[in-house]
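Q: Sharing a structure below in structure tokens format, with a few things to ask.
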Amino acid sequence: MEIYLPIAEVSLDVFVLLALGGGVGFLSGVFGVGGGFLLTPFLIFIGVPPAVAVASSANQLVGASVSGVLAHWRRGNVDFKMGGVLLVGGFLGSLLGVWLFGILRRLGQVELVINLSYVLLLGTLGALMLVEGTRTLLRRRRLGVPRRKLHQHTWVHGLPLKMRFRRSKLYISALLPLGLGFLIGILSAIMGIGGGFVMVPAMIYLLGMPTMVVPGTSLFQIIFVAATVTVLQAINNRTVDAVLALVLLIGGVLGAQIGTRMGSRLRGDQLRIMLAVLVLAVAIKLAVDMTATPEQLYSAAVVL
Amino acid sequence: MLAALVALSAGGARGEPLVADLTSHLIGITGAFTGTSVVLFGATDGPGDVVVVVRGPEHDVAVRRKRRVAGVWVNTKEEVFVGVPSFYSIASSRPLDAITTPDVLGFHELGLDYLRLKLARGTLREEDTPFRNALIESQQREGAFGETVGKVDFLGDRLFRTTLAFPSNVSIGTYLVQVFLIRNKGVVSGQTTPLVISKIGVDAEIADFADHRAAIYGLVAVATAMVAGWLASVPFRNA
């Protein structure tokens, strides 16, 4: 059944869109990642213009994230305080990121920087998570229940502005989540994504948050990032296709609910290995694309 | 239009070698704009060939060449072309090389081969040709440069008309429509008519309102997504 998308100006099969939305929503529910890094390329692949794909993905992310956050919230798995601090950092970072984006575009290197940061970031994170997850899994097999030190004292605990995050069972400097949000804000602006797939591993490994509160808190933060992007795109580029977003959303919100339930049934280390494989797959795909001979050796861009 | 043509024809008879006008001097771009076309019509005072050139407002364009660096394709060389027309199309009553000489084509920049493109750092050298070709090809892919020479149709031997087509991604600004009358391989008369392409459209207030609606549209889209997200989670609440 074909449906006409007024802004994208294409007709697409409604069931393909529902399935796509459902699949991405499922992932966001399980892992707490927005899934923008998968949804956007898929939409472009099935014929949606890239600008419309980016903007409409952001719109559908808002709904999928709300649905996911509500489900996690009911299980008491959202640290709103942590999310709020991350958000402040993220907002400041995205301001810097937008400025950097402008400079890179003038230099003609924005495409390269986007691709390189994806490959480096996803490759490193994916590999680390895969190694760590596999090691934990093997240890569990061998020794039964793994025993990890509850608290390790390092230099980061000497930082000022200590804050208590009850849900995350952490007493750390507010500068840590603030700085993390800031860095991810920069990346979000440059890479055009919600940043969940960077945020999730960073929350687990850098902040030391319990795996169970990570997806909900990450999604809480993504709601605001995606909402800002949607409104800015609608104003600046008029590329938000509400019909497309709504169809993706119907699939997405259901997928997110199922995903959340599935996620809470899986063990933390299994979750991490699956996310690691997904992240690595995207990194490898991008790395292959970067080394393949391009169709056009020359490119032209208007100098602003 | 017929009345206008008759009037133009009379004008031509009074001694003006070339008279031409457009059916519209303003193209308004609205949200539903999918490209448009404008008819140019006119009259000559006798036999001859007519060439019509449309040039968009000028801008600077950077052309970059990719090269493999450590296995990865990177933009390594950049040339900036200044004063490149953002739109260029040409139409002629007969093939250009049949009606005039390369010197005339070059002087009046008739045809993409004769378009004068200047580099920011100086004159175009022999080794810059690939960059020039890449610029023209990329503009053609985007529909900004015409791929072929259009047709100017004569109705009788004095009245002529042609259709100027503009794609949906056309740049806004003031366009120049140049009409040349060519006889015995030389330009005997020319006329330039401006054509304004504007986002404001026929009514500035309509566009202004649409801009305001864009913000509201974005907010509504976000609100709808949030409500849909909440609604979808309701059936799962007690599960």
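Chain labels run A, B, ... following the order of the structure tokens; each chain numbers its residues from 1, and ligands are numbered from 1 in the order shown.
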Show me which bits of chain A are within 7 Å of chain B, counting only C-alpha atoms, as number ranges by chain.

A: A: 59-60, 62-64, 66-67, 70-71, 109, 112, 227, 230-231, 234-235, 238, 242, 253-254, 257, 290-291, 297-303

Q: Which residue out of B:Arg132, B:Val152, B:Val38, B:Pro167 has the minimum interatomic distance to Leu26 in chain B when only C-alpha atoms are used?

A: B:Val38

Q: Can you tell me, as a ChimeraX atom specification, what residues are no more than 12 Å from Gly106 in chain B when counting only C-alpha atoms, ignoring any on the same chain fewer than 4 positions away?

A: /B:96-97,100-102,110-117

Q: Tell me which protein, DNA and RNA residues are within 9 Å of range 196-199 of chain A, counting only C-alpha atoms, leaving out same-chain ones fewer than 2 positions away, and put them as a ChimeraX atom specification.

A: /A:28,31-37,121-122,125,180-181,184,193-194,201-204,214-215,218-219,221-222,275,279

Q: Which residues come within 9 Å of Ile182 in chain B, counting only C-alpha atoms, excluding same-chain residues fewer than 4 positions away, as number ranges by chain?

A: B: 48-51, 99-100, 186-190

Q: Would you please extract all strand (DSSP E) residues from range 1-222 of chain B, as assigned by DSSP on the backbone, and give them as a ChimeraX atom specification?

A: /B:18-22,26-28,36-44,49-55,58-69,72-85,88-92,118-119,150-151,153-155,159-166,173-183,186-198

Q: Write out as an mmCIF file with C-alpha atoms, in the first residue's frame all residues of range 35-226 of chain B that DSSP puts in alpha helix (DSSP H) for this structure's backbone.

A:
data_model
loop_
_atom_site.group_PDB
_atom_site.id
_atom_site.type_symbol
_atom_site.label_atom_id
_atom_site.label_comp_id
_atom_site.auth_asym_id
_atom_site.auth_seq_id
_atom_site.Cartn_x
_atom_site.Cartn_y
_atom_site.Cartn_z
ATOM 1 C CA LEU B 96 25.001 28.167 -32.865
ATOM 2 C CA ASP B 97 27.993 27.246 -35.020
ATOM 3 C CA ALA B 98 25.834 27.580 -38.125
ATOM 4 C CA ILE B 99 24.757 31.163 -37.460
ATOM 5 C CA PRO B 102 33.552 31.309 -32.500
ATOM 6 C CA ASP B 103 34.792 34.881 -31.953
ATOM 7 C CA VAL B 104 31.238 36.192 -31.586
ATOM 8 C CA LEU B 105 30.238 33.226 -29.408
ATOM 9 C CA GLY B 106 33.224 33.914 -27.172
ATOM 10 C CA PHE B 107 32.633 37.662 -26.954
ATOM 11 C CA THR B 129 40.511 22.489 -17.424
ATOM 12 C CA PRO B 130 39.433 19.415 -15.411
ATOM 13 C CA PHE B 131 38.196 21.738 -12.661
ATOM 14 C CA ARG B 132 36.289 23.862 -15.199
ATOM 15 C CA ASN B 133 34.689 20.753 -16.706
ATOM 16 C CA ALA B 134 33.848 19.383 -13.258
ATOM 17 C CA LEU B 135 32.161 22.675 -12.355
ATOM 18 C CA ILE B 136 30.016 22.656 -15.496
ATOM 19 C CA GLU B 137 29.125 18.977 -15.096
ATOM 20 C CA SER B 138 28.102 19.409 -11.477
ATOM 21 C CA GLN B 139 25.963 22.435 -12.330
ATOM 22 C CA GLN B 140 24.322 20.407 -15.108
ATOM 23 C CA ARG B 141 23.568 17.544 -12.710
ATOM 24 C CA ALA B 204 5.083 39.201 0.699
ATOM 25 C CA GLU B 205 2.692 38.624 3.586
ATOM 26 C CA ILE B 206 1.806 35.110 2.467
ATOM 27 C CA ALA B 207 5.463 34.068 2.533
ATOM 28 C CA ASP B 208 5.931 35.794 5.873
ATOM 29 C CA PHE B 209 3.031 33.875 7.328
ATOM 30 C CA ALA B 210 4.381 30.623 5.897
ATOM 31 C CA ASP B 211 7.652 31.298 7.704
ATOM 32 C CA HIS B 212 5.794 31.701 10.994
ATOM 33 C CA ARG B 213 3.837 28.562 10.270
ATOM 34 C CA ALA B 214 7.117 26.664 9.747
ATOM 35 C CA ALA B 215 8.017 27.231 13.394
ATOM 36 C CA ILE B 216 4.528 26.246 14.524
ATOM 37 C CA TYR B 217 4.673 23.248 12.179
ATOM 38 C CA GLY B 218 7.910 22.127 13.818
ATOM 39 C CA LEU B 219 6.463 22.524 17.294
ATOM 40 C CA VAL B 220 3.280 20.681 16.314
ATOM 41 C CA ALA B 221 5.363 17.879 14.789
ATOM 42 C CA VAL B 222 7.308 17.549 18.054
ATOM 43 C CA ALA B 223 4.125 17.675 20.165
ATOM 44 C CA THR B 224 2.427 15.070 17.953
ATOM 45 C CA ALA B 225 5.429 12.784 18.281
ATOM 46 C CA MET B 226 5.421 13.184 22.061
#

Q: What's around Ile284 in chain A at 12 Å? Count only C-alpha atoms, leave out sequence neighbours fewer than 2 positions away in its own chain, and write the answer as a list of chain:residue names.

A: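 What passes the distance filter is A:Asn115, A:Leu116, A:Tyr118, A:Val119, A:Leu120, A:Leu121, A:Leu122, A:Gly123, A:Thr124, A:Gly126, A:Ala127, A:Val277, A:Leu278, A:Val279, A:Leu280, A:Ala281, A:Val282, A:Leu286, A:Ala287, A:Val288, A:Asp289, A:Met290, A:Thr291.
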
Q: Keeping N, CA and C atoms for every residue in the selection just given, could you write it to a file as a tab-separated table (two decimals), in the first residue's frame?

A:
chain	number	residue	atom	x	y	z
A	115	ASN	N	32.69	11.34	8.49
A	115	ASN	CA	32.96	9.92	8.29
A	115	ASN	C	34.06	9.41	9.21
A	116	LEU	N	35.13	10.20	9.33
A	116	LEU	CA	36.25	9.79	10.20
A	116	LEU	C	35.81	9.67	11.64
A	118	TYR	N	32.82	9.08	12.77
A	118	TYR	CA	31.98	7.89	12.90
A	118	TYR	C	32.83	6.64	13.02
A	119	VAL	N	33.78	6.49	12.08
A	119	VAL	CA	34.59	5.28	12.04
A	119	VAL	C	35.43	5.14	13.31
A	120	LEU	N	36.12	6.24	13.69
A	120	LEU	CA	36.98	6.17	14.88
A	120	LEU	C	36.17	5.90	16.13
A	121	LEU	N	35.11	6.68	16.30
A	121	LEU	CA	34.29	6.59	17.50
A	121	LEU	C	33.60	5.23	17.60
A	122	LEU	N	32.89	4.86	16.53
A	122	LEU	CA	32.14	3.61	16.55
A	122	LEU	C	33.10	2.42	16.61
A	123	GLY	N	34.20	2.52	15.86
A	123	GLY	CA	35.16	1.42	15.84
A	123	GLY	C	35.76	1.19	17.22
A	124	THR	N	36.23	2.26	17.85
A	124	THR	CA	36.85	2.15	19.18
A	124	THR	C	35.85	1.66	20.21
A	126	GLY	N	32.94	0.19	19.80
A	126	GLY	CA	32.44	-1.15	19.48
A	126	GLY	C	33.44	-2.22	19.90
A	127	ALA	N	34.72	-1.99	19.54
A	127	ALA	CA	35.76	-2.97	19.85
A	127	ALA	C	35.92	-3.13	21.37
A	277	VAL	N	28.33	-5.31	18.52
A	277	VAL	CA	28.34	-5.87	17.17
A	277	VAL	C	27.66	-4.91	16.19
A	278	LEU	N	26.54	-4.34	16.61
A	278	LEU	CA	25.81	-3.39	15.77
A	278	LEU	C	26.66	-2.17	15.44
A	279	VAL	N	27.29	-1.62	16.48
A	279	VAL	CA	28.12	-0.42	16.32
A	279	VAL	C	29.32	-0.71	15.42
A	280	LEU	N	29.95	-1.88	15.62
A	280	LEU	CA	31.10	-2.26	14.80
A	280	LEU	C	30.70	-2.44	13.34
A	281	ALA	N	29.51	-3.02	13.11
A	281	ALA	CA	29.05	-3.25	11.75
A	281	ALA	C	28.92	-1.93	10.99
A	282	VAL	N	28.35	-0.91	11.67
A	282	VAL	CA	28.20	0.40	11.02
A	282	VAL	C	29.57	1.00	10.74
A	286	LEU	N	31.11	2.04	7.03
A	286	LEU	CA	31.57	3.40	6.72
A	286	LEU	C	33.04	3.39	6.28
A	287	ALA	N	33.86	2.57	6.95
A	287	ALA	CA	35.27	2.51	6.61
A	287	ALA	C	35.45	1.99	5.19
A	288	VAL	N	34.65	0.99	4.81
A	288	VAL	CA	34.72	0.44	3.46
A	288	VAL	C	34.32	1.52	2.45
A	289	ASP	N	33.24	2.27	2.75
A	289	ASP	CA	32.78	3.33	1.86
A	289	ASP	C	33.85	4.39	1.66
A	290	MET	N	34.59	4.70	2.73
A	290	MET	CA	35.60	5.76	2.65
A	290	MET	C	36.76	5.38	1.76
A	291	THR	N	37.06	4.09	1.67
A	291	THR	CA	38.21	3.67	0.89
A	291	THR	C	37.83	3.27	-0.53

Q: Please determine, counting only C-alpha atoms, which residue among B:Val149, B:Ala144, B:Val19, B:Ala165 has the shortest atom-to-atom distance to Ser93 in chain B.

A: B:Val149

Q: Which residues, written as a list in words, have at least one atom at most 12 Å from Leu100 in chain A, with only C-alpha atoms counted and residues fewer than 6 positions away on the same chain left out?

A: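 Contacts, in chain order: Gly93, Ser94, Arg106, Leu107, Gln109, Val110, Val113, Ile114, Gly185, Ile186, Leu187, Ser188, Ala189, Ile190 and Met191 of chain A.
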
Q: Take the residues just selected and output them with C-alpha atoms as a PDB file, in the first residue's frame.

A:
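Now in part.pdb:
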ATOM      1  CA  GLY A  93      28.501  21.490  23.228  1.00  0.00           C
ATOM      2  CA  SER A  94      26.060  21.644  20.340  1.00  0.00           C
ATOM      3  CA  ARG A 106      34.142  26.280   4.453  1.00  0.00           C
ATOM      4  CA  LEU A 107      37.311  24.182   4.410  1.00  0.00           C
ATOM      5  CA  GLN A 109      36.399  18.811   4.891  1.00  0.00           C
ATOM      6  CA  VAL A 110      33.066  18.349   6.647  1.00  0.00           C
ATOM      7  CA  VAL A 113      35.418  14.718   9.410  1.00  0.00           C
ATOM      8  CA  ILE A 114      31.907  13.258   9.745  1.00  0.00           C
ATOM      9  CA  GLY A 185      26.832  17.795  22.018  1.00  0.00           C
ATOM     10  CA  ILE A 186      29.725  18.702  19.708  1.00  0.00           C
ATOM     11  CA  LEU A 187      29.580  15.287  18.038  1.00  0.00           C
ATOM     12  CA  SER A 188      25.788  15.480  17.664  1.00  0.00           C
ATOM     13  CA  ALA A 189      25.983  18.799  15.862  1.00  0.00           C
ATOM     14  CA  ILE A 190      28.776  17.645  13.563  1.00  0.00           C
ATOM     15  CA  MET A 191      27.490  14.130  12.912  1.00  0.00           C
TER      16      MET A 191
END

Q: Expressed in Å to a single decimal, how great is the separation between CA of Val52 in chain A and CA of Gly143 in chain B?

A: 19.8 Å

Q: Return the single residue from B:Val196, B:Ile172, B:Ile90, B:Leu181 that is closest to Phe160 in chain B, with distances computed using only C-alpha atoms.

A: B:Leu181

Q: Could you tell me which of B:Thr163, B:Gly156, B:Asp21, B:Thr193 comes closest to Asp45 in chain B if we count only C-alpha atoms?

A: B:Gly156

Q: How many Å lie between CA of Asp269 in chain A and CA of Trp73 in chain A, rounded to one decimal?

A: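 For CA of Asp269 in chain A relative to CA of Trp73 in chain A, the distance reads 21.7 Å.
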